[in-house]
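Below is upload.cif, which holds mmCIF, C-alpha atoms.
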data_model
#
loop_
_atom_site.label_atom_id
_atom_site.label_comp_id
_atom_site.auth_asym_id
_atom_site.auth_seq_id
_atom_site.Cartn_x
_atom_site.Cartn_y
_atom_site.Cartn_z
CA MET A 8 42.83 7.93 -4.15
CA ASP A 9 41.13 9.68 -1.23
CA ILE A 10 39.79 6.62 0.61
CA ALA A 11 37.62 8.64 2.99
CA ARG A 12 35.98 10.52 0.14
CA GLU A 13 35.15 7.31 -1.72
CA LEU A 14 33.74 5.72 1.43
CA LEU A 15 31.47 8.73 1.87
CA ARG A 16 30.45 8.54 -1.80
CA GLU A 17 29.47 4.90 -1.39
CA ARG A 18 27.67 5.53 1.91
CA TYR A 19 25.58 8.49 0.78
CA PHE A 20 25.24 8.38 -3.01
CA SER A 21 24.65 4.67 -3.64
CA ASN A 22 21.01 4.71 -2.47
CA LEU A 23 19.77 7.79 -4.30
CA LYS A 24 16.37 7.04 -5.80
CA GLN A 25 15.77 6.43 -9.49
CA SER A 26 12.04 7.13 -9.32
CA THR A 27 10.50 10.54 -8.78
CA GLU A 28 7.73 8.95 -6.65
CA LEU A 29 7.64 10.85 -3.38
CA PHE A 30 7.24 9.16 -0.01
CA VAL A 31 7.25 10.98 3.31
CA GLY A 32 9.17 9.82 6.35
CA ILE A 33 8.12 11.67 9.50
CA GLU A 34 9.83 11.66 12.90
CA LEU A 35 8.29 13.50 15.82
CA GLU A 36 9.84 14.09 19.24
CA PHE A 37 7.91 15.44 22.21
CA PRO A 38 8.89 16.24 25.79
CA ILE A 39 7.22 14.40 28.63
CA VAL A 40 6.39 16.80 31.45
CA ASN A 41 5.40 16.29 35.05
CA LEU A 42 2.58 18.80 35.55
CA SER A 43 3.60 19.29 39.17
CA GLY A 44 6.64 21.14 37.78
CA THR A 45 9.09 18.58 39.15
CA ALA A 46 11.15 15.87 37.48
CA VAL A 47 9.47 13.31 35.27
CA ASP A 48 8.71 10.12 37.22
CA PHE A 49 10.49 7.38 35.28
CA GLN A 50 8.14 4.74 36.68
CA VAL A 51 5.27 6.52 34.95
CA VAL A 52 6.96 6.53 31.55
CA PHE A 53 8.16 2.95 31.95
CA SER A 54 4.58 1.94 32.75
CA LEU A 55 3.44 3.82 29.65
CA PHE A 56 5.39 1.40 27.46
CA SER A 57 3.65 -1.54 29.15
CA GLU A 58 0.31 0.17 28.54
CA LEU A 59 1.11 0.68 24.85
CA VAL A 60 2.06 -2.96 24.34
CA GLU A 61 -1.11 -4.06 26.12
CA LYS A 62 -3.53 -1.72 24.31
CA LEU A 63 -2.06 -1.48 20.79
CA PRO A 64 -0.52 -3.85 18.23
CA LEU A 65 3.01 -2.98 19.34
CA SER A 66 5.88 -5.23 20.37
CA ILE A 67 9.06 -4.60 22.30
CA GLU A 68 11.97 -4.26 19.87
CA LYS A 69 14.73 -3.00 22.18
CA SER A 70 15.33 -2.94 25.92
CA ASP A 71 17.94 -1.03 27.90
CA ASN A 72 20.75 -2.51 29.96
CA ASN A 73 18.32 -2.87 32.87
CA GLY A 74 15.74 -4.81 30.89
CA GLN A 75 13.35 -1.86 30.51
CA ALA A 76 11.63 -1.58 27.12
CA ILE A 77 12.93 1.50 25.28
CA GLN A 78 11.71 0.92 21.71
CA LEU A 79 8.44 -0.49 20.44
CA VAL A 80 7.65 -1.50 16.86
CA SER A 81 4.24 -1.85 15.25
CA ASP A 82 3.04 -5.34 14.36
CA GLU A 83 1.38 -3.85 11.26
CA ASN A 84 4.05 -1.59 9.74
CA GLU A 85 7.46 -0.08 10.51
CA ASP A 86 6.26 2.57 12.99
CA ARG A 87 8.39 2.85 16.12
CA ILE A 88 7.85 4.55 19.47
CA LEU A 89 10.98 5.03 21.55
CA PHE A 90 12.82 7.03 24.17
CA GLU A 91 15.13 9.49 22.41
CA VAL A 92 18.53 10.05 24.12
CA GLY A 93 16.93 10.25 27.59
CA TYR A 94 13.79 9.02 29.30
CA ASN A 95 12.04 12.41 29.17
CA THR A 96 11.50 12.44 25.38
CA LEU A 97 9.18 10.24 23.36
CA GLU A 98 9.90 9.83 19.66
CA PHE A 99 7.56 8.58 16.97
CA ALA A 100 9.48 7.31 13.94
CA PHE A 101 6.82 6.54 11.36
CA ASP A 102 7.04 4.10 8.50
CA LYS A 103 7.35 5.85 5.16
CA ALA A 104 3.96 6.82 3.77
CA LEU A 105 2.40 8.19 0.62
CA THR A 106 0.47 10.90 2.46
CA ILE A 107 0.73 12.94 5.64
CA SER A 108 -2.85 11.97 6.48
CA GLU A 109 -1.88 8.29 6.89
CA VAL A 110 0.72 9.26 9.46
CA ASP A 111 -1.71 11.62 11.19
CA GLU A 112 -4.26 8.81 11.59
CA ARG A 113 -1.74 6.47 13.20
CA PHE A 114 -0.38 9.23 15.44
CA THR A 115 -3.93 9.93 16.64
CA LEU A 116 -4.38 6.25 17.55
CA TYR A 117 -1.16 6.24 19.58
CA MET A 118 -2.00 9.49 21.33
CA ALA A 119 -5.45 8.16 22.29
CA VAL A 120 -3.63 5.71 24.57
CA ILE A 121 -0.64 7.86 25.58
CA GLN A 122 -2.26 11.08 26.77
CA PRO A 123 -5.00 9.58 28.98
CA PHE A 124 -2.46 7.30 30.63
CA LEU A 125 0.03 10.10 31.29
CA SER A 126 -2.75 12.45 32.44
CA SER A 127 -3.91 9.91 34.98
CA HIS A 128 -0.45 10.21 36.52
CA ASN A 129 -0.31 14.03 36.26
CA HIS A 130 2.10 13.83 33.31
CA LEU A 131 1.65 14.94 29.71
CA LEU A 132 3.23 14.81 26.28
CA THR A 133 3.39 18.37 25.03
CA GLY A 134 4.22 20.21 21.81
CA MET A 135 7.39 22.11 22.65
CA GLY A 136 10.90 21.98 21.21
CA VAL A 137 12.56 22.01 24.62
CA ASN A 138 11.34 20.44 27.83
CA PRO A 139 10.01 23.33 29.96
CA PHE A 140 11.34 21.57 33.07
CA TRP A 141 14.70 20.69 31.53
CA ASP A 142 16.50 22.03 34.61
CA LYS A 143 14.40 19.89 36.99
CA ASN A 144 14.53 16.59 35.12
CA ASP A 145 16.92 13.69 35.45
CA ASN A 146 18.58 14.00 32.03
CA ARG A 147 20.65 10.82 32.20
CA PRO A 148 21.00 8.97 28.89
CA VAL A 149 18.93 5.91 28.07
CA ALA A 150 20.92 2.93 29.39
CA SER A 151 22.09 1.68 26.01
CA GLN A 152 25.47 1.84 24.32
CA ARG A 153 24.48 4.39 21.66
CA TYR A 154 23.00 6.98 23.99
CA GLU A 155 25.55 6.51 26.76
CA MET A 156 28.29 7.01 24.16
CA LEU A 157 26.60 10.12 22.78
CA MET A 158 26.24 11.75 26.19
CA ALA A 159 29.81 10.87 27.17
CA TYR A 160 31.09 12.29 23.88
CA LEU A 161 29.18 15.55 24.36
CA LYS A 162 30.55 15.77 27.91
CA LEU A 163 34.05 16.05 26.43
CA GLY A 164 33.10 19.67 25.72
CA ASP A 165 32.05 20.32 29.32
CA SER A 166 34.97 22.48 30.40
CA GLY A 167 32.72 24.70 32.48
CA GLU A 168 34.31 27.75 30.84
CA THR A 169 31.51 28.84 28.49
CA GLN A 170 27.84 29.52 28.90
CA THR A 171 26.73 26.46 26.96
CA ASP A 172 29.15 23.91 28.41
CA LYS A 173 26.75 23.01 31.20
CA TYR A 174 24.16 22.08 28.59
CA TYR A 175 26.03 19.02 27.30
CA GLN A 176 22.97 16.92 28.20
CA PHE A 177 20.90 18.91 25.69
CA GLY A 178 20.11 15.79 23.64
CA ALA A 179 17.88 14.67 26.50
CA PHE A 180 15.76 17.82 26.61
CA ILE A 181 15.40 19.19 23.06
CA GLN A 182 12.79 17.95 20.62
CA GLY A 183 12.49 18.26 16.86
CA SER A 184 10.03 17.66 14.04
CA GLN A 185 11.78 16.01 11.13
CA ILE A 186 10.73 14.91 7.67
CA GLN A 187 12.62 12.86 5.11
CA LEU A 188 11.84 13.15 1.42
CA ASP A 189 13.17 10.99 -1.40
CA VAL A 190 15.74 12.58 -3.69
CA THR A 191 17.32 11.51 -6.96
CA ALA A 192 20.82 12.10 -8.28
CA GLU A 193 19.29 14.80 -10.49
CA ASN A 194 17.46 16.83 -7.82
CA MET A 195 19.53 16.18 -4.68
CA ILE A 196 21.74 19.28 -4.95
CA THR A 197 18.85 21.52 -5.99
CA THR A 198 16.85 20.29 -2.99
CA ILE A 199 19.66 20.90 -0.50
CA ASN A 200 20.43 24.35 -1.89
CA ALA A 201 16.82 25.53 -1.96
CA PHE A 202 15.86 24.42 1.53
CA ASN A 203 19.14 25.66 2.97
CA ALA A 204 18.34 29.11 1.56
CA ILE A 205 15.01 29.27 3.43
CA GLU A 206 16.43 28.43 6.85
CA PRO A 207 15.79 32.04 8.01
CA VAL A 208 12.09 31.62 7.21
CA LYS A 209 11.91 28.24 8.91
CA ALA A 210 13.62 29.80 11.92
CA TRP A 211 10.82 32.31 12.36
CA LEU A 212 7.87 30.11 11.36
CA PHE A 213 8.75 27.10 13.52
CA ALA A 214 10.57 28.67 16.50
CA ASN A 215 9.49 26.75 19.61
CA SER A 216 12.50 26.03 21.83
CA TYR A 217 12.88 29.03 24.09
CA LEU A 218 15.00 27.88 27.04
CA TRP A 219 13.21 28.81 30.24
CA HIS A 220 15.28 30.01 33.22
CA ALA A 221 18.36 30.63 31.07
CA GLN A 222 20.17 33.56 29.48
CA LEU A 223 19.97 32.51 25.84
CA ASP A 224 18.51 35.31 23.72
CA THR A 225 17.00 33.01 21.13
CA LEU A 226 13.71 31.31 20.40
CA ILE A 227 15.60 28.29 19.03
CA SER A 228 17.96 27.10 21.75
CA ARG A 229 18.39 23.85 19.78
CA ASP A 230 20.56 25.71 17.24
CA VAL A 231 22.86 27.04 19.94
CA PHE A 232 23.24 23.62 21.55
CA TRP A 233 24.04 21.83 18.28
CA GLU A 234 26.48 24.45 17.04
CA SER A 235 28.21 25.11 20.38
CA SER A 236 28.61 21.44 21.32
CA MET A 237 31.19 18.84 20.37
CA HIS A 238 29.16 18.36 17.17
CA GLY A 239 30.05 21.88 16.09
CA ILE A 240 33.81 21.96 16.78
CA PHE A 241 34.21 21.68 13.03
CA PRO A 242 31.51 23.97 11.59
CA GLU A 243 31.05 21.80 8.49
CA ASN A 244 29.63 19.07 10.71
CA VAL A 245 26.48 20.87 11.82
CA GLY A 246 23.91 23.49 10.95
CA VAL A 247 23.37 25.65 7.88
CA PHE A 248 25.50 25.33 4.75
CA PRO A 249 27.37 28.63 4.13
CA LYS A 250 26.90 28.58 0.35
CA PRO A 251 25.09 26.64 -2.39
CA PHE A 252 26.72 23.58 -3.92
CA SER A 253 27.51 23.49 -7.63
CA ASP A 254 27.22 19.71 -8.02
CA GLN A 255 27.59 16.37 -6.21
CA GLU A 256 31.38 16.54 -6.18
CA ASP A 257 31.25 19.97 -4.54
CA PHE A 258 28.90 18.57 -1.90
CA LEU A 259 31.18 15.57 -1.39
CA ASP A 260 34.12 17.93 -0.82
CA TYR A 261 32.13 19.54 1.98
CA LEU A 262 30.98 16.20 3.42
CA ASN A 263 34.63 15.18 3.58
CA LYS A 264 35.14 17.89 6.21
CA THR A 265 32.54 16.37 8.56
CA VAL A 266 33.74 14.21 11.42
CA LEU A 267 33.98 10.75 12.87
CA PHE A 268 33.83 10.42 16.64
CA THR A 269 32.65 6.90 17.37
CA THR A 270 33.01 3.31 16.22
CA ALA A 271 32.16 -0.19 17.37
CA VAL A 272 34.68 -3.01 17.67
CA SER A 273 33.48 -6.50 18.63
CA ASP A 274 30.13 -5.08 19.80
CA GLU A 275 31.85 -2.58 22.07
CA THR A 276 31.26 1.11 21.43
CA TYR A 277 34.07 3.65 21.65
CA TYR A 278 34.29 7.43 21.21
CA PHE A 279 37.09 9.88 20.62
CA GLU A 280 37.83 13.52 19.92
CA PRO A 281 36.30 14.45 16.54
CA ILE A 282 38.46 13.88 13.46
CA GLN A 283 37.50 15.25 10.05
CA THR A 284 37.02 12.44 7.58
CA HIS A 285 39.62 13.74 5.09
CA ASP A 286 42.20 13.54 7.88
CA TYR A 287 41.06 10.22 9.35
CA PHE A 288 43.48 7.87 7.64
CA ASN A 289 46.41 10.19 8.37
CA HIS A 290 46.26 8.85 11.93
CA ASP A 291 48.05 5.59 12.64
CA GLU A 292 46.40 5.37 16.05
CA ILE A 293 43.43 7.10 17.66
CA PRO A 294 43.27 7.60 21.45
CA ALA A 295 39.71 6.74 22.47
CA PHE A 296 37.47 5.94 25.44
CA ASP A 297 35.20 3.06 26.27
CA LEU A 298 31.81 3.60 27.91
CA LEU A 299 33.37 3.36 31.38
CA GLY A 300 35.79 6.15 30.54
CA GLY A 301 38.73 3.79 30.14
CA ASP A 302 41.48 4.59 27.65
CA VAL A 303 41.85 2.51 24.51
CA VAL A 304 43.82 2.92 21.29
CA LEU A 305 42.06 2.32 17.96
CA THR A 306 43.43 1.77 14.48
CA PRO A 307 41.50 3.63 11.74
CA SER A 308 39.47 1.30 9.53
CA PRO A 309 37.02 1.72 6.63
CA HIS A 310 34.57 -0.07 8.94
CA ASP A 311 34.47 3.07 11.10
CA PHE A 312 32.62 4.94 8.34
CA LYS A 313 29.54 2.84 9.08
CA ALA A 314 29.16 5.04 12.15
CA HIS A 315 29.55 8.29 10.21
CA ARG A 316 26.77 10.78 10.68
CA SER A 317 26.71 14.51 10.11
CA TYR A 318 24.32 16.98 11.67
CA GLN A 319 23.51 19.50 8.99
CA TYR A 320 20.01 20.93 8.90
CA GLN A 321 19.58 19.57 5.34
CA ASP A 322 21.01 16.13 5.95
CA LEU A 323 21.62 13.64 3.13
CA THR A 324 20.91 10.22 4.64
CA THR A 325 22.09 6.75 3.68
CA ARG A 326 18.51 5.90 2.61
CA GLY A 327 18.43 8.13 -0.46
CA THR A 328 16.54 10.88 1.32
CA VAL A 329 17.20 14.37 2.55
CA GLU A 330 16.22 14.79 6.18
CA PHE A 331 15.13 18.29 7.16
CA ARG A 332 16.08 18.53 10.81
CA SER A 333 16.17 22.19 11.84
CA SER A 334 12.55 22.56 12.98
CA CYS A 335 11.48 22.48 16.61
CA ALA A 336 8.68 20.20 17.75
CA GLN A 337 5.40 22.04 17.22
CA PRO A 338 2.29 22.51 19.36
CA MET A 339 0.23 19.30 19.14
CA ALA A 340 -2.51 20.95 17.07
CA ASP A 341 0.13 22.03 14.52
CA THR A 342 2.17 18.83 14.51
CA PHE A 343 2.14 18.14 10.80
CA SER A 344 2.70 21.72 9.64
CA VAL A 345 6.46 21.10 9.32
CA ALA A 346 5.98 18.06 7.10
CA ALA A 347 3.35 19.83 4.98
CA PHE A 348 5.54 22.90 4.46
CA HIS A 349 8.52 20.87 3.25
CA LEU A 350 6.50 18.42 1.18
CA GLY A 351 4.53 21.16 -0.56
CA LEU A 352 7.68 23.07 -1.49
CA MET A 353 9.37 19.86 -2.65
CA CYS A 354 6.48 19.35 -5.07
CA GLU A 355 7.21 22.81 -6.50
CA LEU A 356 11.00 22.55 -6.46
CA PRO A 357 11.63 24.27 -9.84
CA ALA A 358 9.29 27.14 -8.91
CA LEU A 359 10.91 27.37 -5.48
CA THR A 360 14.37 27.59 -7.03
CA ASP A 361 13.18 30.34 -9.37
CA LEU A 362 11.58 32.27 -6.51
CA LEU A 363 14.77 32.15 -4.45
CA SER A 364 17.18 33.00 -7.25
CA ASP A 365 16.57 36.74 -7.18
CA HIS A 366 14.14 37.33 -4.31
CA ILE A 367 14.18 40.82 -2.84
CA PHE A 368 14.55 39.35 0.67
CA TYR A 369 18.13 38.35 -0.15
CA GLU A 370 18.85 41.66 -1.85
CA ASP A 371 17.92 43.39 1.40
CA TYR A 372 19.43 40.93 3.91
CA GLY A 373 22.18 39.11 2.04
CA ARG A 374 22.76 35.36 1.87
CA ASP A 375 24.63 34.59 5.07
CA TYR A 376 22.02 31.96 5.91
CA GLN A 377 23.43 31.03 9.30
CA ARG A 378 23.55 34.64 10.47
CA LEU A 379 20.03 35.23 9.13
CA ARG A 380 18.71 32.16 10.91
CA ARG A 381 20.05 33.54 14.18
CA ARG A 382 18.71 37.00 13.44
CA PHE A 383 15.17 35.80 12.75
CA SER A 384 15.05 33.56 15.82
CA THR A 385 15.68 36.38 18.29
CA ARG A 386 12.95 37.40 20.73
CA GLU A 387 12.39 40.84 19.24
CA LEU A 388 12.51 41.75 15.55
CA ASP A 389 12.32 45.34 14.39
CA PRO A 390 9.03 46.09 12.59
CA ASP A 391 10.56 46.30 9.12
CA ALA A 392 12.38 42.96 9.46
CA LEU A 393 9.23 41.31 10.78
CA ALA A 394 7.16 42.70 7.90
CA ASP A 395 9.71 41.41 5.38
CA MET A 396 9.76 37.99 7.04
CA LEU A 397 5.96 37.75 7.07
CA ALA A 398 5.78 38.68 3.39
CA PHE A 399 8.43 36.14 2.38
CA SER A 400 6.84 33.46 4.56
CA GLY A 401 3.48 34.12 2.91
CA GLU A 402 4.95 33.62 -0.56
CA LEU A 403 6.53 30.32 0.46
CA LEU A 404 3.29 29.17 2.08
CA SER A 405 1.35 29.93 -1.10
CA LEU A 406 3.86 27.88 -3.08
CA ALA A 407 3.71 24.99 -0.58
CA SER A 408 -0.08 25.09 -0.67
CA ARG A 409 -0.04 24.89 -4.46
CA GLY A 410 2.26 21.89 -4.34
CA LEU A 411 0.06 20.06 -1.86
CA GLU A 412 -3.12 20.87 -3.79
CA LYS A 413 -1.56 19.30 -6.89
CA ARG A 414 -1.03 16.06 -4.96
CA GLY A 415 -4.77 15.86 -4.40
CA PHE A 416 -4.76 14.35 -0.90
CA GLY A 417 -6.16 17.32 1.04
CA GLU A 418 -2.83 17.91 2.78
CA ALA A 419 -2.90 21.71 2.37
CA ARG A 420 -5.07 21.87 5.49
CA TYR A 421 -1.98 21.16 7.56
CA LEU A 422 -0.60 24.57 6.57
CA ALA A 423 -3.46 26.42 8.31
CA PRO A 424 -1.49 27.01 11.56
CA LEU A 425 1.29 28.67 9.58
CA TYR A 426 -1.09 31.10 7.91
CA GLN A 427 -2.40 31.85 11.39
CA ARG A 428 1.12 32.66 12.61
CA ILE A 429 1.55 35.17 9.82
CA LYS A 430 -1.84 36.69 10.63
CA THR A 431 -1.10 37.03 14.37
CA ARG A 432 2.58 37.90 13.73
CA GLU A 433 3.50 35.37 16.40
CA ASN A 434 5.31 32.03 16.32
CA PRO A 435 4.91 29.33 19.02
CA ALA A 436 7.90 30.45 21.08
CA GLN A 437 6.61 34.01 21.18
CA LYS A 438 3.18 32.72 22.13
CA SER A 439 4.60 30.74 25.04
CA ILE A 440 6.50 33.79 26.31
CA ARG A 441 3.38 35.95 25.98
CA LEU A 442 1.35 33.42 27.99
CA PHE A 443 4.07 33.21 30.65
CA GLU A 444 4.26 36.97 30.98
CA ALA A 445 0.46 37.05 31.29
CA GLY A 446 0.71 34.84 34.36
CA LYS A 447 0.39 31.30 33.00
CA SER A 448 2.61 28.70 34.64
CA LEU A 449 4.83 26.46 32.56
CA SER A 450 2.53 23.55 33.43
CA GLU A 451 -0.46 25.49 32.12
CA ILE A 452 1.42 26.44 28.95
CA SER A 453 2.37 22.77 28.53
CA GLU A 454 -1.32 21.85 28.68
CA ILE A 455 -2.19 24.52 26.11
CA PHE A 456 0.56 23.31 23.76
CA ALA A 457 -0.63 19.72 24.24
CA ASN A 458 -4.20 20.57 23.30
CA GLU A 459 -5.12 19.06 19.96
CA LYS A 460 -7.56 21.94 19.44
CA ASP A 461 -5.23 24.91 19.68
CA SER A 462 -6.29 27.68 22.03
#

Could you show the structure in this file as structure tokens?
Amino acid sequence: MDIARELLRERYFSNLKQSTELFVGIELEFPIVNLSGTAVDFQVVFSLFSELVEKLPLSIEKSDNNGQAIQLVSDENEDRILFEVGYNTLEFAFDKALTISEVDERFTLYMAVIQPFLSSHNHLLTGMGVNPFWDKNDNRPVASQRYEMLMAYLKLGDSGETQTDKYYQFGAFIQGSQIQLDVTAENMITTINAFNAIEPVKAWLFANSYLWHAQLDTLISRDVFWESSMHGIFPENVGVFPKPFSDQEDFLDYLNKTVLFTTAVSDETYYFEPIQTHDYFNHDEIPAFDLLGGDVVLTPSPHDFKAHRSYQYQDLTTRGTVEFRSSCAQPMADTFSVAAFHLGLMCELPALTDLLSDHIFYEDYGRDYQRLRRRFSTRELDPDALADMLAFSGELLSLASRGLEKRGFGEARYLAPLYQRIKTRENPAQKSIRLFEAGKSLSEISEIFANEKDS
């Protein structure tokens, strides 16, 4: 018996939903910027957490090694506000909800405290997928075992020999907009295949992580960081799936090529060079590091699979959901467009599958989804490719709108920014570059992208 494969089966397949009732789980990350164009003042963001606890029904759930609050939880539900990887990113991890509007209402309440406080200290939370002052900020990890381990692990790839090595701290300055949707054993593979196939469209529609002051010719630097980092040493561990899966066993075969790189023993966290799961128990001993960089030797154990996590853009979670994690954080006014797009299409999954099965877009461009995602996230598209992308995007938006209208909660309004992007032929990353080239500073662009009434 392949022990690793069965451990993965238990971890990921045991919580698949029986019901077709659809909840939404939304996670939003945003960069904190210092509008003076210098590094974020940590005292300001630490004080923000005190302000939130004082003004809202929130309690401290976790503190860092220095006693500073780093994660707050709502007294009324399971919403959490936390620092993500570093102290320059704020994450909102919302309790599962029946509608996007519920999440929107709670987000608005939080922002009504957060933005005025940050503004009074010349800081701001803005809607970008990469911190515009990433190269000025102190990108140290949050002082907790998980984030210190993650940064130390990523630093293993910092040989200084390639262009992206120096970006090993990327987890502290990239921001995403993620949604989790419930899946069943019956629709899990169909869901993963369909949304994987539209990664090129999502690349164009949601591009918003142009890396300022760098030489990356992409509007989605997040992709490059994920795929060129330690996470991507084994390509199965990250990114776009190269082909559709025939069934659960086929998917499990692929999952068994993802990696383990960390474990906890007696409350101590360790990390090691990545090992593919199918090869894990072929090792009698694993050379590893503790958080101080000291050498230790570990013995492989089934317990280690509790720390397993892969980083695909359609990620099957241990909660019986698929997490869609390839989209950049969006301008504040457009925050819930990512969730609406995915939810609407999920409600029309059979129609989506039919649309994709023989769509002319794939006849013209092929089905190398990873290559297409890179192609459609470049700064300049030739006119024909752009026209084809806009047409395909419009079809998917119409389908998503139909799915949301069927739900009857008025959620189709959240798609309005995406229709606008098709109309103007411009995604957020392109807009930010246009504004910069027109003479706007990065601080001014940050303010525009933070404006809840888009300008």

As number ranges by chain, please: the residues near His285 of chain A (cut-off 7 Å, all atoms listed in the file, same-chain neighbours under 5 positions excluded). A: 11-12, 263-264

Residues in the PyMOL selection byres ((chain A and resi 114-119) around 9), expressed as a list in words: Leu59, Leu63, Phe99, Phe101, Glu109, Val110, Asp111, Glu112, Arg113, Val120, Ile121, Gln122, Pro123, Phe124 and Leu132 of chain A

Using the chain letters and numbers from the file, which residues does the PyMOL selection byres ((chain A and resi 193) around 10) grab, as a list of chain:residue names?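 Going through the file, the PyMOL selection byres ((chain A and resi 193) around 10) ends up selecting A:Leu23, A:Lys24, A:Gln25, A:Thr27, A:Val190, A:Thr191, A:Ala192, A:Asn194, A:Met195, A:Ile196, A:Thr197, A:Thr198, A:Asp254, A:Gln255.
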
Residues from the last selection, C-alpha atoms, saved as a PDB file, in the coordinates of the input:
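Wrote out-v5.pdb, looks like this:
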ATOM      1  CA  LEU A  23      19.770   7.790  -4.300  1.00  0.00           C
ATOM      2  CA  LYS A  24      16.370   7.040  -5.800  1.00  0.00           C
ATOM      3  CA  GLN A  25      15.770   6.430  -9.490  1.00  0.00           C
ATOM      4  CA  THR A  27      10.500  10.540  -8.780  1.00  0.00           C
ATOM      5  CA  VAL A 190      15.740  12.580  -3.690  1.00  0.00           C
ATOM      6  CA  THR A 191      17.320  11.510  -6.960  1.00  0.00           C
ATOM      7  CA  ALA A 192      20.820  12.100  -8.280  1.00  0.00           C
ATOM      8  CA  ASN A 194      17.460  16.830  -7.820  1.00  0.00           C
ATOM      9  CA  MET A 195      19.530  16.180  -4.680  1.00  0.00           C
ATOM     10  CA  ILE A 196      21.740  19.280  -4.950  1.00  0.00           C
ATOM     11  CA  THR A 197      18.850  21.520  -5.990  1.00  0.00           C
ATOM     12  CA  THR A 198      16.850  20.290  -2.990  1.00  0.00           C
ATOM     13  CA  ASP A 254      27.220  19.710  -8.020  1.00  0.00           C
ATOM     14  CA  GLN A 255      27.590  16.370  -6.210  1.00  0.00           C
TER      15      GLN A 255
END

For Ser236 of chain A, the nearest of the candidates A:Asp165, A:Glu355, A:Asp257, A:Glu61, counting only C-alpha atoms: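 When distances to Ser236 of chain A are compared using only C-alpha atoms, the smallest one comes from A:Asp165.
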
Quick one: which residues end up in the PyMOL selection byres ((chain A and resi 395-404) around 9) for this structure, as a ChimeraX atom specification? /A:207-209,211-212,348,351-352,359,362,366,368,383,390-394,405-409,422,425-426,428-430,432

Using C-alpha atoms, can you write the selected residues to a file as a compact mmCIF listing (two decimals), in the coordinates of the input?
# COMPACT_ATOMS: atom_id res chain seq x y z
CA PRO A 207 15.79 32.04 8.01
CA VAL A 208 12.09 31.62 7.21
CA LYS A 209 11.91 28.24 8.91
CA TRP A 211 10.82 32.31 12.36
CA LEU A 212 7.87 30.11 11.36
CA PHE A 348 5.54 22.90 4.46
CA GLY A 351 4.53 21.16 -0.56
CA LEU A 352 7.68 23.07 -1.49
CA LEU A 359 10.91 27.37 -5.48
CA LEU A 362 11.58 32.27 -6.51
CA HIS A 366 14.14 37.33 -4.31
CA PHE A 368 14.55 39.35 0.67
CA PHE A 383 15.17 35.80 12.75
CA PRO A 390 9.03 46.09 12.59
CA ASP A 391 10.56 46.30 9.12
CA ALA A 392 12.38 42.96 9.46
CA LEU A 393 9.23 41.31 10.78
CA ALA A 394 7.16 42.70 7.90
CA SER A 405 1.35 29.93 -1.10
CA LEU A 406 3.86 27.88 -3.08
CA ALA A 407 3.71 24.99 -0.58
CA SER A 408 -0.08 25.09 -0.67
CA ARG A 409 -0.04 24.89 -4.46
CA LEU A 422 -0.60 24.57 6.57
CA LEU A 425 1.29 28.67 9.58
CA TYR A 426 -1.09 31.10 7.91
CA ARG A 428 1.12 32.66 12.61
CA ILE A 429 1.55 35.17 9.82
CA LYS A 430 -1.84 36.69 10.63
CA ARG A 432 2.58 37.90 13.73

Once you count all atoms listed in the file, which residues end up no further than 12 Å from (-2.6, 12.9, 30.3) in the file's frame, shown as a tab-separated table (two decimals) with C-alpha atoms, in the frame of the given file?
chain	number	residue	atom	x	y	z
A	39	ILE	CA	7.22	14.40	28.63
A	40	VAL	CA	6.39	16.80	31.45
A	41	ASN	CA	5.40	16.29	35.05
A	42	LEU	CA	2.58	18.80	35.55
A	51	VAL	CA	5.27	6.52	34.95
A	52	VAL	CA	6.96	6.53	31.55
A	55	LEU	CA	3.44	3.82	29.65
A	118	MET	CA	-2.00	9.49	21.33
A	119	ALA	CA	-5.45	8.16	22.29
A	120	VAL	CA	-3.63	5.71	24.57
A	121	ILE	CA	-0.64	7.86	25.58
A	122	GLN	CA	-2.26	11.08	26.77
A	123	PRO	CA	-5.00	9.58	28.98
A	124	PHE	CA	-2.46	7.30	30.63
A	125	LEU	CA	0.03	10.10	31.29
A	126	SER	CA	-2.75	12.45	32.44
A	127	SER	CA	-3.91	9.91	34.98
A	128	HIS	CA	-0.45	10.21	36.52
A	129	ASN	CA	-0.31	14.03	36.26
A	130	HIS	CA	2.10	13.83	33.31
A	131	LEU	CA	1.65	14.94	29.71
A	132	LEU	CA	3.23	14.81	26.28
A	133	THR	CA	3.39	18.37	25.03
A	453	SER	CA	2.37	22.77	28.53
A	454	GLU	CA	-1.32	21.85	28.68
A	457	ALA	CA	-0.63	19.72	24.24
A	458	ASN	CA	-4.20	20.57	23.30

Restricting the calculation to all atoms listed in the file, which member of A:Val137, A:Ala100, A:Leu89, A:Ala314 is positioned closest to Asp71 of chain A?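 Among A:Val137, A:Ala100, A:Leu89, A:Ala314, it is A:Leu89 that comes nearest to Asp71 of chain A.
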
Under the rule that all atoms listed in the file are counted, which of A:Phe312, A:Glu68, A:Gly74, A:Tyr217 is the nearest residue to Phe443 of chain A? A:Tyr217

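Here atom CA of Asp230 of chain A stands at a distance of 13.3 Å from atom CA of Tyr175 of chain A.
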
Mind pulling up the distance from atom CA of Ser344 of chain A to atom CA of Glu444 of chain A?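 We find that atom CA of Glu444 of chain A and atom CA of Ser344 of chain A lie 26.3 Å from each other.
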
As an MDAnalysis selection string, please: the residues near Ser151 of chain A (cut-off 10 Å, all atoms listed in the file, same-chain neighbours under 5 positions excluded). chainID A and resid 69:73 77 92 156
